[in-house]
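Note: the block below is structure21.cif and it holds mmCIF, C-alpha atoms and all ligand atoms.
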data_upload
loop_
_atom_site.label_atom_id
_atom_site.label_comp_id
_atom_site.auth_asym_id
_atom_site.auth_seq_id
_atom_site.Cartn_x
_atom_site.Cartn_y
_atom_site.Cartn_z
CA MET A 1 3.99 21.03 -26.26
CA ILE A 2 1.61 20.50 -29.17
CA PRO A 3 -1.29 22.99 -29.05
CA PHE A 4 -4.90 21.89 -29.56
CA GLU A 5 -8.34 23.39 -29.01
CA TYR A 6 -10.77 22.00 -26.47
CA ARG A 7 -14.56 22.39 -26.67
CA ARG A 8 -17.32 20.93 -24.58
CA ALA A 9 -20.27 20.02 -26.80
CA ALA A 10 -23.71 21.28 -25.75
CA ASP A 11 -25.52 18.46 -27.52
CA ALA A 12 -24.83 15.52 -29.81
CA ARG A 13 -25.69 17.39 -33.01
CA GLU A 14 -23.29 20.19 -32.21
CA ALA A 15 -20.55 17.68 -31.37
CA VAL A 16 -21.03 15.92 -34.70
CA ALA A 17 -21.11 19.15 -36.72
CA THR A 18 -17.96 20.46 -34.98
CA VAL A 19 -15.90 17.31 -35.55
CA ALA A 20 -17.21 16.77 -39.09
CA ALA A 21 -16.12 20.29 -40.07
CA ARG A 22 -12.49 19.76 -38.99
CA PRO A 23 -10.49 16.83 -40.45
CA ASP A 24 -8.20 16.67 -37.40
CA ALA A 25 -10.86 17.11 -34.69
CA VAL A 26 -11.84 14.11 -32.53
CA PHE A 27 -14.39 13.29 -29.84
CA LEU A 28 -13.16 12.97 -26.27
CA GLY A 29 -14.88 10.46 -23.97
CA GLY A 30 -13.22 9.58 -20.68
CA GLY A 31 -9.85 10.28 -22.30
CA THR A 32 -8.22 7.14 -20.86
CA ASN A 33 -7.05 5.97 -24.28
CA LEU A 34 -6.99 9.13 -26.39
CA VAL A 35 -5.05 11.29 -23.92
CA ASP A 36 -2.44 8.53 -23.49
CA HIS A 37 -2.01 8.49 -27.27
CA MET A 38 -1.63 12.26 -27.36
CA LYS A 39 1.10 12.06 -24.72
CA LEU A 40 2.89 9.37 -26.75
CA GLY A 41 2.58 11.34 -30.01
CA VAL A 42 0.42 8.57 -31.53
CA ALA A 43 -2.57 10.94 -31.86
CA THR A 44 -2.15 14.61 -32.73
CA PRO A 45 -5.68 16.07 -33.01
CA ASP A 46 -5.98 19.83 -33.44
CA MET A 47 -9.30 19.91 -31.55
CA LEU A 48 -10.92 17.79 -28.83
CA VAL A 49 -14.70 17.89 -28.68
CA ASP A 50 -15.62 16.64 -25.23
CA VAL A 51 -18.73 14.46 -25.36
CA SER A 52 -18.32 12.96 -21.89
CA ARG A 53 -20.97 15.23 -20.33
CA LEU A 54 -23.61 14.84 -23.01
CA PRO A 55 -26.92 13.55 -21.66
CA LEU A 56 -26.29 10.03 -22.97
CA THR A 57 -25.93 8.60 -19.48
CA GLU A 58 -29.05 6.43 -19.21
CA VAL A 59 -29.36 2.66 -19.12
CA GLU A 60 -33.03 2.11 -19.93
CA GLU A 61 -35.33 -0.70 -21.01
CA THR A 62 -36.61 -0.38 -24.55
CA PRO A 63 -40.32 -0.88 -25.28
CA GLY A 64 -39.46 -4.28 -26.79
CA GLY A 65 -37.75 -5.49 -23.59
CA GLY A 66 -34.16 -4.81 -24.65
CA LEU A 67 -31.70 -2.45 -22.99
CA ARG A 68 -30.44 0.85 -24.39
CA ILE A 69 -27.09 2.00 -23.01
CA GLY A 70 -26.11 5.63 -23.55
CA ALA A 71 -22.66 6.26 -25.03
CA THR A 72 -21.38 8.15 -21.99
CA VAL A 73 -22.40 5.55 -19.40
CA ARG A 74 -19.25 4.75 -17.43
CA ASN A 75 -17.92 1.19 -17.55
CA SER A 76 -18.22 0.74 -13.77
CA ASP A 77 -21.83 1.97 -13.71
CA LEU A 78 -22.75 -0.37 -16.55
CA ALA A 79 -21.09 -3.39 -14.92
CA ALA A 80 -22.96 -2.68 -11.67
CA HIS A 81 -26.35 -2.02 -13.26
CA PRO A 82 -28.88 -4.53 -11.84
CA LEU A 83 -30.49 -5.27 -15.23
CA VAL A 84 -27.09 -5.94 -16.80
CA ARG A 85 -26.04 -8.21 -13.95
CA GLN A 86 -29.31 -10.16 -13.95
CA ARG A 87 -30.05 -10.35 -17.65
CA TYR A 88 -26.71 -10.08 -19.46
CA PRO A 89 -24.02 -11.47 -17.12
CA ALA A 90 -21.55 -11.91 -20.01
CA LEU A 91 -21.49 -8.13 -20.38
CA ALA A 92 -21.07 -7.43 -16.66
CA ARG A 93 -18.23 -9.97 -16.43
CA ALA A 94 -16.52 -8.62 -19.54
CA LEU A 95 -16.61 -5.08 -18.17
CA LEU A 96 -15.31 -6.11 -14.77
CA SER A 97 -12.39 -7.97 -16.33
CA GLY A 98 -11.22 -4.80 -18.10
CA ALA A 99 -8.60 -2.32 -16.88
CA SER A 100 -8.82 -1.21 -13.21
CA GLY A 101 -11.53 0.26 -10.99
CA GLN A 102 -10.19 3.78 -11.51
CA LEU A 103 -10.09 3.40 -15.30
CA ARG A 104 -13.57 1.87 -15.41
CA ASN A 105 -14.87 4.86 -13.45
CA ALA A 106 -13.67 7.16 -16.25
CA ALA A 107 -14.09 5.01 -19.37
CA THR A 108 -17.27 5.46 -21.41
CA THR A 109 -19.25 2.98 -23.48
CA GLY A 110 -18.49 4.80 -26.75
CA GLY A 111 -14.81 5.32 -25.95
CA ASN A 112 -14.32 1.71 -24.85
CA LEU A 113 -15.61 0.44 -28.19
CA LEU A 114 -13.32 2.79 -30.09
CA GLN A 115 -10.15 2.33 -28.04
CA ARG A 116 -7.23 1.46 -30.27
CA THR A 117 -5.02 -1.61 -30.40
CA ARG A 118 -2.40 -2.15 -27.71
CA CYS A 119 0.16 -3.39 -30.25
CA ARG A 120 3.40 -2.10 -28.72
CA TYR A 121 4.68 -0.89 -32.12
CA PHE A 122 1.52 1.13 -32.71
CA GLN A 123 2.23 2.91 -29.44
CA ASP A 124 5.92 3.46 -30.20
CA VAL A 125 6.27 6.23 -32.79
CA THR A 126 9.90 5.31 -33.47
CA THR A 127 8.87 2.02 -35.17
CA PRO A 128 7.14 1.33 -38.51
CA CYS A 129 3.39 0.72 -38.22
CA ASN A 130 0.88 0.64 -41.07
CA LYS A 131 -1.95 1.43 -38.66
CA ARG A 132 -0.31 4.57 -37.31
CA GLU A 133 1.37 5.62 -40.55
CA PRO A 134 -0.04 3.87 -43.65
CA GLY A 135 2.63 2.44 -45.92
CA SER A 136 5.42 2.53 -43.32
CA GLY A 137 5.47 -1.25 -42.71
CA CYS A 138 4.57 -3.53 -39.80
CA ALA A 139 7.21 -4.02 -37.13
CA ALA A 140 5.19 -6.80 -35.49
CA ILE A 141 5.48 -9.09 -38.53
CA GLY A 142 8.80 -10.83 -37.90
CA GLY A 143 9.07 -8.96 -34.59
CA TRP A 144 7.52 -9.44 -31.16
CA ASP A 145 4.20 -11.08 -32.04
CA ARG A 146 3.18 -12.78 -28.80
CA HIS A 147 -0.02 -10.76 -28.35
CA HIS A 148 -1.03 -10.69 -32.00
CA ALA A 149 -3.82 -12.08 -34.17
CA VAL A 150 -4.30 -15.69 -35.26
CA LEU A 151 -7.55 -15.12 -37.19
CA GLY A 152 -8.40 -12.67 -39.99
CA ALA A 153 -5.05 -10.84 -40.04
CA SER A 154 -3.52 -9.43 -43.23
CA GLU A 155 -0.01 -9.00 -44.60
CA LEU A 156 -0.19 -5.38 -43.48
CA CYS A 157 -1.32 -5.74 -39.86
CA ILE A 158 -1.64 -8.52 -37.27
CA ALA A 159 -2.93 -6.38 -34.37
CA VAL A 160 -5.79 -7.43 -32.10
CA HIS A 161 -8.71 -5.38 -30.84
CA PRO A 162 -8.39 -4.82 -27.07
CA SER A 163 -11.92 -4.17 -25.72
CA ASP A 164 -13.39 -6.82 -23.40
CA MET A 165 -16.79 -5.12 -23.39
CA ALA A 166 -17.02 -5.34 -27.19
CA VAL A 167 -16.55 -9.13 -27.10
CA GLY A 168 -19.41 -9.51 -24.60
CA LEU A 169 -21.63 -7.23 -26.67
CA VAL A 170 -20.94 -9.13 -29.90
CA ALA A 171 -21.88 -12.44 -28.27
CA LEU A 172 -25.10 -10.81 -27.02
CA ASP A 173 -26.02 -9.57 -30.53
CA ALA A 174 -25.92 -5.88 -29.61
CA THR A 175 -26.49 -3.05 -32.08
CA VAL A 176 -24.84 0.35 -32.08
CA HIS A 177 -26.57 3.69 -32.69
CA VAL A 178 -24.57 6.33 -34.49
CA LEU A 179 -25.22 9.99 -35.32
CA GLY A 180 -23.34 11.49 -38.25
CA PRO A 181 -23.40 14.64 -40.37
CA ASP A 182 -25.96 12.93 -42.64
CA GLY A 183 -28.22 11.73 -39.81
CA ALA A 184 -28.62 8.69 -37.59
CA ARG A 185 -28.00 5.04 -38.40
CA THR A 186 -27.91 1.71 -36.59
CA LEU A 187 -25.64 -1.23 -37.28
CA PRO A 188 -24.96 -4.62 -35.72
CA LEU A 189 -22.08 -4.26 -33.28
CA SER A 190 -20.38 -7.20 -35.02
CA ASP A 191 -20.14 -4.98 -38.14
CA LEU A 192 -18.63 -1.97 -36.32
CA HIS A 193 -15.02 -3.14 -36.22
CA ARG A 194 -13.24 -4.31 -39.36
CA LEU A 195 -10.48 -6.71 -40.31
CA PRO A 196 -7.24 -4.99 -41.35
CA GLY A 197 -7.19 -6.02 -45.04
CA ASP A 198 -5.32 -3.40 -47.05
CA ALA A 199 -6.44 -0.48 -44.83
CA PRO A 200 -5.29 -1.34 -41.28
CA GLU A 201 -5.39 2.34 -40.32
CA ARG A 202 -9.20 2.02 -40.25
CA ASP A 203 -10.34 0.18 -37.12
CA THR A 204 -14.07 0.59 -37.76
CA VAL A 205 -16.62 1.36 -40.46
CA LEU A 206 -17.42 4.77 -38.91
CA ALA A 207 -16.82 7.88 -41.02
CA HIS A 208 -15.12 10.98 -39.63
CA GLY A 209 -17.60 12.89 -37.48
CA GLU A 210 -19.82 9.91 -36.65
CA LEU A 211 -20.63 9.80 -32.94
CA ILE A 212 -21.69 6.66 -31.12
CA THR A 213 -24.81 7.68 -29.18
CA ALA A 214 -25.91 4.33 -27.71
CA VAL A 215 -25.59 0.58 -27.71
CA GLU A 216 -28.71 -1.57 -27.62
CA LEU A 217 -29.08 -5.13 -26.36
CA PRO A 218 -31.90 -7.36 -27.68
CA PRO A 219 -34.61 -8.51 -25.27
CA ALA A 220 -33.28 -10.68 -22.48
CA SER A 221 -33.95 -14.42 -22.67
CA GLY A 222 -32.98 -17.59 -20.85
CA MET A 223 -29.99 -17.61 -23.14
CA THR A 224 -28.73 -14.09 -22.35
CA ARG A 225 -29.23 -14.80 -18.64
CA ARG A 226 -27.04 -17.90 -18.98
CA SER A 227 -24.16 -16.14 -20.61
CA THR A 228 -20.65 -15.63 -19.35
CA TYR A 229 -17.22 -14.22 -20.16
CA ARG A 230 -13.82 -15.66 -19.37
CA LYS A 231 -10.58 -13.82 -19.95
CA VAL A 232 -7.12 -15.40 -19.90
CA ARG A 233 -4.33 -12.93 -19.19
CA GLU A 234 -0.80 -12.72 -17.89
CA ARG A 235 -1.81 -11.24 -14.50
CA ALA A 236 -4.94 -11.69 -12.43
CA SER A 237 -6.01 -8.11 -13.17
CA TYR A 238 -5.00 -5.00 -15.04
CA ALA A 239 -3.89 -6.86 -18.17
CA PHE A 240 -5.33 -7.22 -21.66
CA ALA A 241 -6.67 -10.57 -22.87
CA LEU A 242 -4.36 -13.13 -24.38
CA VAL A 243 -7.58 -14.88 -25.31
CA SER A 244 -11.13 -14.32 -24.09
CA VAL A 245 -14.45 -16.04 -24.71
CA ALA A 246 -18.00 -14.70 -24.33
CA ALA A 247 -20.75 -17.26 -24.78
CA ALA A 248 -24.47 -17.78 -24.33
CA LEU A 249 -26.07 -21.21 -24.59
CA ASP A 250 -29.67 -22.35 -24.92
CA LEU A 251 -30.30 -26.04 -24.16
CA ASP A 252 -33.47 -28.08 -24.46
CA ASP A 253 -34.67 -30.42 -21.70
CA GLY A 254 -32.80 -33.32 -23.30
CA GLY A 255 -29.50 -31.50 -23.09
CA VAL A 256 -29.30 -30.66 -26.80
CA VAL A 257 -28.05 -27.22 -27.87
CA ARG A 258 -30.94 -25.21 -29.32
CA ASP A 259 -28.81 -22.14 -29.91
CA ALA A 260 -25.35 -20.81 -29.12
CA ARG A 261 -23.64 -17.45 -29.43
CA ILE A 262 -19.90 -17.21 -29.02
CA ALA A 263 -17.37 -14.41 -29.50
CA LEU A 264 -13.61 -14.47 -29.02
CA GLY A 265 -11.29 -11.67 -27.91
CA GLY A 266 -7.52 -11.34 -28.24
CA VAL A 267 -7.40 -13.34 -31.47
CA ALA A 268 -8.31 -10.88 -34.24
CA HIS A 269 -8.44 -7.24 -35.33
CA LYS A 270 -12.08 -7.21 -34.23
CA PRO A 271 -14.19 -9.04 -31.65
CA TRP A 272 -14.47 -12.40 -33.42
CA ARG A 273 -17.94 -13.90 -33.72
CA ALA A 274 -17.42 -17.67 -33.75
CA GLU A 275 -20.15 -18.57 -36.25
CA ARG A 276 -18.54 -21.83 -37.35
CA ALA A 277 -18.51 -23.05 -33.77
CA GLU A 278 -22.11 -21.93 -33.28
CA ASP A 279 -23.17 -23.92 -36.39
CA VAL A 280 -21.50 -27.08 -35.09
CA LEU A 281 -23.19 -26.71 -31.71
CA ARG A 282 -26.76 -26.16 -32.89
CA GLY A 283 -28.57 -29.50 -32.64
CA ALA A 284 -25.61 -31.25 -30.98
CA PRO A 285 -25.57 -32.72 -27.47
CA ALA A 286 -24.16 -30.26 -24.91
CA ALA A 287 -21.15 -32.44 -24.21
CA GLU A 288 -17.39 -32.21 -24.17
CA GLU A 289 -17.04 -33.85 -27.60
CA SER A 290 -19.37 -31.30 -29.27
CA PHE A 291 -17.55 -28.43 -27.59
CA ARG A 292 -14.18 -29.67 -28.87
CA LEU A 293 -15.53 -30.15 -32.40
CA ALA A 294 -17.01 -26.65 -32.33
CA ALA A 295 -13.78 -25.06 -31.13
CA ASP A 296 -11.75 -26.98 -33.72
CA ALA A 297 -14.11 -25.87 -36.50
CA GLU A 298 -13.66 -22.24 -35.51
CA LEU A 299 -9.91 -22.40 -35.14
CA ALA A 300 -9.22 -24.42 -38.30
CA ALA A 301 -8.55 -21.16 -40.14
CA ALA A 302 -6.00 -19.92 -37.59
CA GLU A 303 -2.64 -18.76 -38.91
CA VAL A 304 0.04 -18.64 -36.27
CA ARG A 305 3.45 -16.98 -35.94
CA ASP A 306 6.49 -17.86 -33.83
CA GLY A 307 5.30 -16.05 -30.72
CA ASN A 308 1.53 -16.55 -30.78
CA ALA A 309 0.99 -20.25 -31.66
CA TYR A 310 -0.02 -20.84 -28.05
CA LYS A 311 -3.23 -18.88 -28.69
CA VAL A 312 -4.83 -21.71 -30.67
CA PRO A 313 -4.83 -24.35 -27.91
CA LEU A 314 -5.55 -21.61 -25.37
CA ALA A 315 -8.61 -20.44 -27.31
CA ARG A 316 -9.75 -24.04 -27.84
CA ASN A 317 -9.47 -24.95 -24.17
CA THR A 318 -11.08 -21.70 -23.03
CA MET A 319 -14.04 -22.17 -25.36
CA VAL A 320 -14.56 -25.74 -24.15
CA ALA A 321 -14.29 -24.68 -20.50
CA VAL A 322 -16.77 -21.82 -20.94
CA LEU A 323 -19.30 -24.04 -22.72
CA ARG A 324 -18.91 -26.69 -20.02
CA ASP A 325 -19.50 -24.07 -17.31
CA LEU A 326 -22.66 -22.84 -19.02
CA THR A 327 -23.96 -26.39 -19.40
CA GLU A 328 -23.32 -27.18 -15.75
CA ALA A 329 -24.94 -23.90 -14.66
CA ARG A 330 -28.06 -24.99 -16.51
CA ARG A 331 -28.47 -28.27 -14.60
C1 LIG A 401 -3.49 0.66 -18.06
C2 LIG A 401 -4.72 0.38 -18.86
C3 LIG A 401 -5.26 -0.90 -18.84
C4 LIG A 401 -6.40 -1.18 -19.57
N1 LIG A 401 -6.92 -2.45 -19.57
C5 LIG A 401 -8.02 -2.74 -20.33
C6 LIG A 401 -8.56 -4.06 -20.40
O1 LIG A 401 -8.05 -4.99 -19.77
N2 LIG A 401 -9.66 -4.25 -21.17
C7 LIG A 401 -10.25 -3.24 -21.87
O2 LIG A 401 -11.25 -3.48 -22.54
N3 LIG A 401 -9.76 -2.01 -21.83
C8 LIG A 401 -8.67 -1.73 -21.09
N4 LIG A 401 -8.15 -0.48 -21.07
C9 LIG A 401 -8.68 0.50 -22.00
C10 LIG A 401 -9.81 1.30 -21.43
O3 LIG A 401 -10.89 0.45 -21.24
C11 LIG A 401 -10.10 2.34 -22.49
O4 LIG A 401 -9.07 3.28 -22.44
C12 LIG A 401 -11.42 3.05 -22.27
O5 LIG A 401 -12.48 2.14 -22.29
C13 LIG A 401 -11.65 4.09 -23.35
O6 LIG A 401 -12.80 4.83 -23.03
P1 LIG A 401 -12.75 6.40 -22.91
O7 LIG A 401 -14.13 6.86 -22.68
O8 LIG A 401 -11.71 6.84 -21.92
O9 LIG A 401 -12.27 6.76 -24.39
P2 LIG A 401 -11.38 7.95 -24.93
O10 LIG A 401 -9.96 7.73 -24.58
O11 LIG A 401 -11.99 9.27 -24.57
O12 LIG A 401 -11.60 7.76 -26.50
C14 LIG A 401 -11.17 6.60 -27.18
C15 LIG A 401 -11.52 6.79 -28.66
O13 LIG A 401 -12.92 6.80 -28.85
C16 LIG A 401 -13.35 8.01 -29.48
N5 LIG A 401 -14.65 8.30 -28.87
C17 LIG A 401 -14.92 8.45 -27.54
N6 LIG A 401 -16.26 8.53 -27.35
C18 LIG A 401 -16.83 8.43 -28.59
C19 LIG A 401 -18.19 8.41 -29.06
N7 LIG A 401 -19.23 8.49 -28.22
N8 LIG A 401 -18.41 8.30 -30.39
C20 LIG A 401 -17.36 8.22 -31.25
N9 LIG A 401 -16.07 8.23 -30.87
C21 LIG A 401 -15.81 8.31 -29.55
C22 LIG A 401 -12.26 9.01 -29.21
O14 LIG A 401 -12.21 10.00 -30.21
C23 LIG A 401 -11.03 8.11 -29.24
O15 LIG A 401 -10.63 7.88 -30.56
C24 LIG A 401 -7.03 -0.16 -20.33
C25 LIG A 401 -6.49 1.14 -20.33
C26 LIG A 401 -5.35 1.41 -19.61
C27 LIG A 401 -4.81 2.80 -19.63
S1 LIG A 402 0.46 -5.21 -36.12
FE1 LIG A 402 -0.71 -3.47 -36.93
S2 LIG A 402 -0.65 -2.02 -35.24
FE2 LIG A 402 1.04 -3.48 -34.88
S3 LIG A 402 2.85 -2.67 -35.93
FE3 LIG A 402 1.84 -3.96 -37.39
S4 LIG A 402 0.56 -2.53 -38.52
FE4 LIG A 402 1.07 -1.52 -36.61
#

Once more with this new file: its structure as structure tokens, please.
Amino acid sequence: MIPFEYRRAADAREAVATVAARPDAVFLGGGTNLVDHMKLGVATPDMLVDVSRLPLTEVEETPGGGLRIGATVRNSDLAAHPLVRQRYPALARALLSGASGQLRNAATTGGNLLQRTRCRYFQDVTTPCNKREPGSGCAAIGGWDRHHAVLGASELCIAVHPSDMAVGLVALDATVHVLGPDGARTLPLSDLHRLPGDAPERDTVLAHGELITAVELPPASGMTRRSTYRKVRERASYAFALVSVAAALDLDDGGVVRDARIALGGVAHKPWRAERAEDVLRGAPAAEESFRLAADAELAAAEVRDGNAYKVPLARNTMVAVLRDLTEARR
């Protein structure tokens, strides 16, 4: 039994001040990831500051027509919210493809974004892992690498980010609101998570004590309404993505792509915004050939290992299928 303190924060400022003052204190959302890690010995905080009952539970329209999602909104409530379903279907579908109904009832928006990799070596404290213990090595490199990254990995870590919701949010150009000891700040959600580089122990750009307070979606448009998410996994439910694709497409009346937003999951240490593919698509006919060229452009930089080479054709085919679906939905 490893002792730790538990406090329920009265408000966001108090939560931030309490965690910031203690190097080993952490926020507790729904606990579905953090508590598992404590049981496994992967996380050993000396204090949990429970933020799950803070009044950050609203999903509300912003004056500009966007949507502000409080950090403690539960995944199931967000997926079922009428404005999310009507205006941002990629987000609703991403949420519903994650975990199980019971987990989604407990999981929070903030905690989902900050859940940690499912790399089996990260979760097994008997193996070397640079993310869990910097400088100890990476058991996945040369080991079991079937679920690991093909884009943006480093020599120190080849883990992938596991959140489905984050992939949907990146494709929808969301921003994240953060409160820290030095005040509030906002950043694009695509900048929240980082590539492993030489510091794989850092999943995000957040400093210790920074609390996610909300996520904000830009105003809905024809494009966000015609967005979708497809996840390929080993079982029909209750499994993490081998590869996933979130996409939104805007076509003109002649069937030419005016704009495209695409993000990939299961391929990198962060939700991967497919900007190269988007560039190829803009101005191109919405047709199979363009979709293949776009996918190839994005995946040209892929670096594969023995166990994960299948992810490149899988990502290519999934991207093409998703773009085809969106084009057909538009007709
Ligand atoms: C069996 C199983 C299957 C799963 N399958 C999937 C899946 O297919 N797809 C998927 O996306 N997820 C899946 N998950 C993961 C699940 O979605 C996450 O565990 C959950 O979203 C985490 O949210 P939480 O609120 O419980 O976070 P917690 O466990 O409470 O916290 C996670 C991390 O976030 C930090 N944190 C929490 N809230 C905040 C905040 N507001 N600001 C700053 N830091 C914060 C905590 O300190 C901790 O480090 C699965 C989980 C399990 C157990
Ligand atoms: S891939 Fe990353 S998380 Fe997995 S063992 Fe290597 S360093 Fe650890």

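Between atom N7 of ligand LIG 401 (chain A) and atom CA of A:Leu187 the separation is 14.8 Å.
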
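Among the candidate residues A:Cys119, A:Leu251, A:Val256, A:Leu67, the one lying nearest to A:Asp173 is A:Leu67, with distances computed using all atoms listed in the file.
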
(request) One decimal, Å: what's the distance from atom CA of A:Arg116 over to atom CA of A:Arg53, could you say? (result)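 Atom-to-atom, atom CA of A:Arg116 and atom CA of A:Arg53 are spaced 21.8 Å apart.
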
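Interatomic distance, atom CA of A:Asp306 to atom C10 of ligand LIG 401 (chain A): 28.0 Å.
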
(request) List all protein, DNA and RNA residues that have an atom no more than 12 Å from any atom of ligand LIG 402 (chain A), counting only C-alpha atoms and all ligand atoms, and report them as a count of residues only. (result) 57

(message) Using all atoms listed in the file, which residues of the polymer chains come no farther than 7 Å from ligand LIG 401 (chain A)? I'd like the answer as number ranges by chain.
(response) A: 26-35, 51, 71-72, 97-100, 103-104, 106-115, 162-165, 210-213, 238-241

Could you save the residues just selected, with C-alpha atoms, as a short mmCIF file (atom, residue, chain, number, x, y, z; two decimals), in the coordinates of the input?
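File produced: result_14.cif:
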data_model
loop_
_atom_site.label_atom_id
_atom_site.label_comp_id
_atom_site.auth_asym_id
_atom_site.auth_seq_id
_atom_site.Cartn_x
_atom_site.Cartn_y
_atom_site.Cartn_z
CA VAL A 26 -11.84 14.11 -32.53
CA PHE A 27 -14.39 13.29 -29.84
CA LEU A 28 -13.16 12.97 -26.27
CA GLY A 29 -14.88 10.46 -23.97
CA GLY A 30 -13.22 9.58 -20.68
CA GLY A 31 -9.85 10.28 -22.30
CA THR A 32 -8.22 7.14 -20.86
CA ASN A 33 -7.05 5.97 -24.28
CA LEU A 34 -6.99 9.13 -26.39
CA VAL A 35 -5.05 11.29 -23.92
CA VAL A 51 -18.73 14.46 -25.36
CA ALA A 71 -22.66 6.26 -25.03
CA THR A 72 -21.38 8.15 -21.99
CA SER A 97 -12.39 -7.97 -16.33
CA GLY A 98 -11.22 -4.80 -18.10
CA ALA A 99 -8.60 -2.32 -16.88
CA SER A 100 -8.82 -1.21 -13.21
CA LEU A 103 -10.09 3.40 -15.30
CA ARG A 104 -13.57 1.87 -15.41
CA ALA A 106 -13.67 7.16 -16.25
CA ALA A 107 -14.09 5.01 -19.37
CA THR A 108 -17.27 5.46 -21.41
CA THR A 109 -19.25 2.98 -23.48
CA GLY A 110 -18.49 4.80 -26.75
CA GLY A 111 -14.81 5.32 -25.95
CA ASN A 112 -14.32 1.71 -24.85
CA LEU A 113 -15.61 0.44 -28.19
CA LEU A 114 -13.32 2.79 -30.09
CA GLN A 115 -10.15 2.33 -28.04
CA PRO A 162 -8.39 -4.82 -27.07
CA SER A 163 -11.92 -4.17 -25.72
CA ASP A 164 -13.39 -6.82 -23.40
CA MET A 165 -16.79 -5.12 -23.39
CA GLU A 210 -19.82 9.91 -36.65
CA LEU A 211 -20.63 9.80 -32.94
CA ILE A 212 -21.69 6.66 -31.12
CA THR A 213 -24.81 7.68 -29.18
CA TYR A 238 -5.00 -5.00 -15.04
CA ALA A 239 -3.89 -6.86 -18.17
CA PHE A 240 -5.33 -7.22 -21.66
CA ALA A 241 -6.67 -10.57 -22.87
#

(request) Go through A:Ala236, A:Ala171, A:Leu326, A:Leu217 and flag the residue nearest A:Val257, using all atoms listed in the file for the distances. (result) A:Leu326

(request) Kindly indicate which residue among A:Val267, A:Leu299, A:Ala274, A:Leu249 lies nearest to A:Asp325, using only C-alpha atoms for the distances. (result)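 Once distances to A:Asp325 are computed over only C-alpha atoms, the minimum belongs to A:Leu249.
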
I'd like the box whose edges run along x, y and z of the file and which contains every listed atom of stretch 72-86 of chain A, padded by 5 Å per side; could you state its centre and edge lengths in Å, one decimal, as lines of an AutoDock Vina configuration file?
center_x = -24.2
center_y = -1.0
center_z = -16.8
size_x = 22.6
size_y = 28.3
size_z = 20.3

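All polymer residues at most 10 Å from (-9.2, 18.5, -30.8), using all atoms listed in the file, appear as Pro3, Phe4, Glu5, Tyr6, Arg7, Thr18, Val19, Arg22, Pro23, Asp24, Ala25, Val26, Phe27, Leu28, Thr44, Pro45, Asp46, Met47, Leu48, Val49 and Asp50 of chain A.
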
So that I have them on file, write out the residues from the current selection with C-alpha atoms, as a JSON list (two decimals), in the coordinates of the input.
[["chain", "number", "residue", "atom", "x", "y", "z"],
["A", 3, "PRO", "CA", -1.29, 22.99, -29.05],
["A", 4, "PHE", "CA", -4.90, 21.89, -29.56],
["A", 5, "GLU", "CA", -8.34, 23.39, -29.01],
["A", 6, "TYR", "CA", -10.77, 22.00, -26.47],
["A", 7, "ARG", "CA", -14.56, 22.39, -26.67],
["A", 18, "THR", "CA", -17.96, 20.46, -34.98],
["A", 19, "VAL", "CA", -15.90, 17.31, -35.55],
["A", 22, "ARG", "CA", -12.49, 19.76, -38.99],
["A", 23, "PRO", "CA", -10.49, 16.83, -40.45],
["A", 24, "ASP", "CA", -8.20, 16.67, -37.40],
["A", 25, "ALA", "CA", -10.86, 17.11, -34.69],
["A", 26, "VAL", "CA", -11.84, 14.11, -32.53],
["A", 27, "PHE", "CA", -14.39, 13.29, -29.84],
["A", 28, "LEU", "CA", -13.16, 12.97, -26.27],
["A", 44, "THR", "CA", -2.15, 14.61, -32.73],
["A", 45, "PRO", "CA", -5.68, 16.07, -33.01],
["A", 46, "ASP", "CA", -5.98, 19.83, -33.44],
["A", 47, "MET", "CA", -9.30, 19.91, -31.55],
["A", 48, "LEU", "CA", -10.92, 17.79, -28.83],
["A", 49, "VAL", "CA", -14.70, 17.89, -28.68],
["A", 50, "ASP", "CA", -15.62, 16.64, -25.23]]

(message) Given all atoms listed in the file as the basis, pick out the residue of A:Leu264, A:Lys39, A:Val243, A:Leu54 nearest to A:Arg8.
(response)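 Ranked by minimum distance to A:Arg8, first place goes to A:Leu54.
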
(request) Mind checking which residues fall within 8 Å of A:Glu58, counting all atoms listed in the file, ignoring those fewer than 6 positions away in the same chain, and posting them as a list in words? (result)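 My reading of the contact set: Arg68, Ile69, Gly70 and Val73 of chain A.
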
(request) Go through A:Ala214, A:Ala174, A:Met319, A:Val84 and flag the residue nearest A:Arg292, using only C-alpha atoms for the distances. (result) A:Met319

(request) Please provide as a PyMOL selection string all residues within 10 Å of A:Leu83, with the sequence filter that same-chain residues fewer than 5 positions apart are discarded (counting only C-alpha atoms). (result) chain A and resi 59-61+67+78+88-89+92+220

May I have the selected residues written with C-alpha atoms, as a tab-separated table (two decimals), in the frame of the given file?
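Result file result-v9.tsv:
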chain	number	residue	atom	x	y	z
A	59	VAL	CA	-29.36	2.66	-19.12
A	60	GLU	CA	-33.03	2.11	-19.93
A	61	GLU	CA	-35.33	-0.70	-21.01
A	67	LEU	CA	-31.70	-2.45	-22.99
A	78	LEU	CA	-22.75	-0.37	-16.55
A	88	TYR	CA	-26.71	-10.08	-19.46
A	89	PRO	CA	-24.02	-11.47	-17.12
A	92	ALA	CA	-21.07	-7.43	-16.66
A	220	ALA	CA	-33.28	-10.68	-22.48

(message) I want to know what sits within 9 Å of A:Asn317, based on only C-alpha atoms, with residues of the same chain fewer than 4 positions away left out; could you give that as an NGL selection string?
(response) :A and (292 or 295 or 312-313 or 321-322)
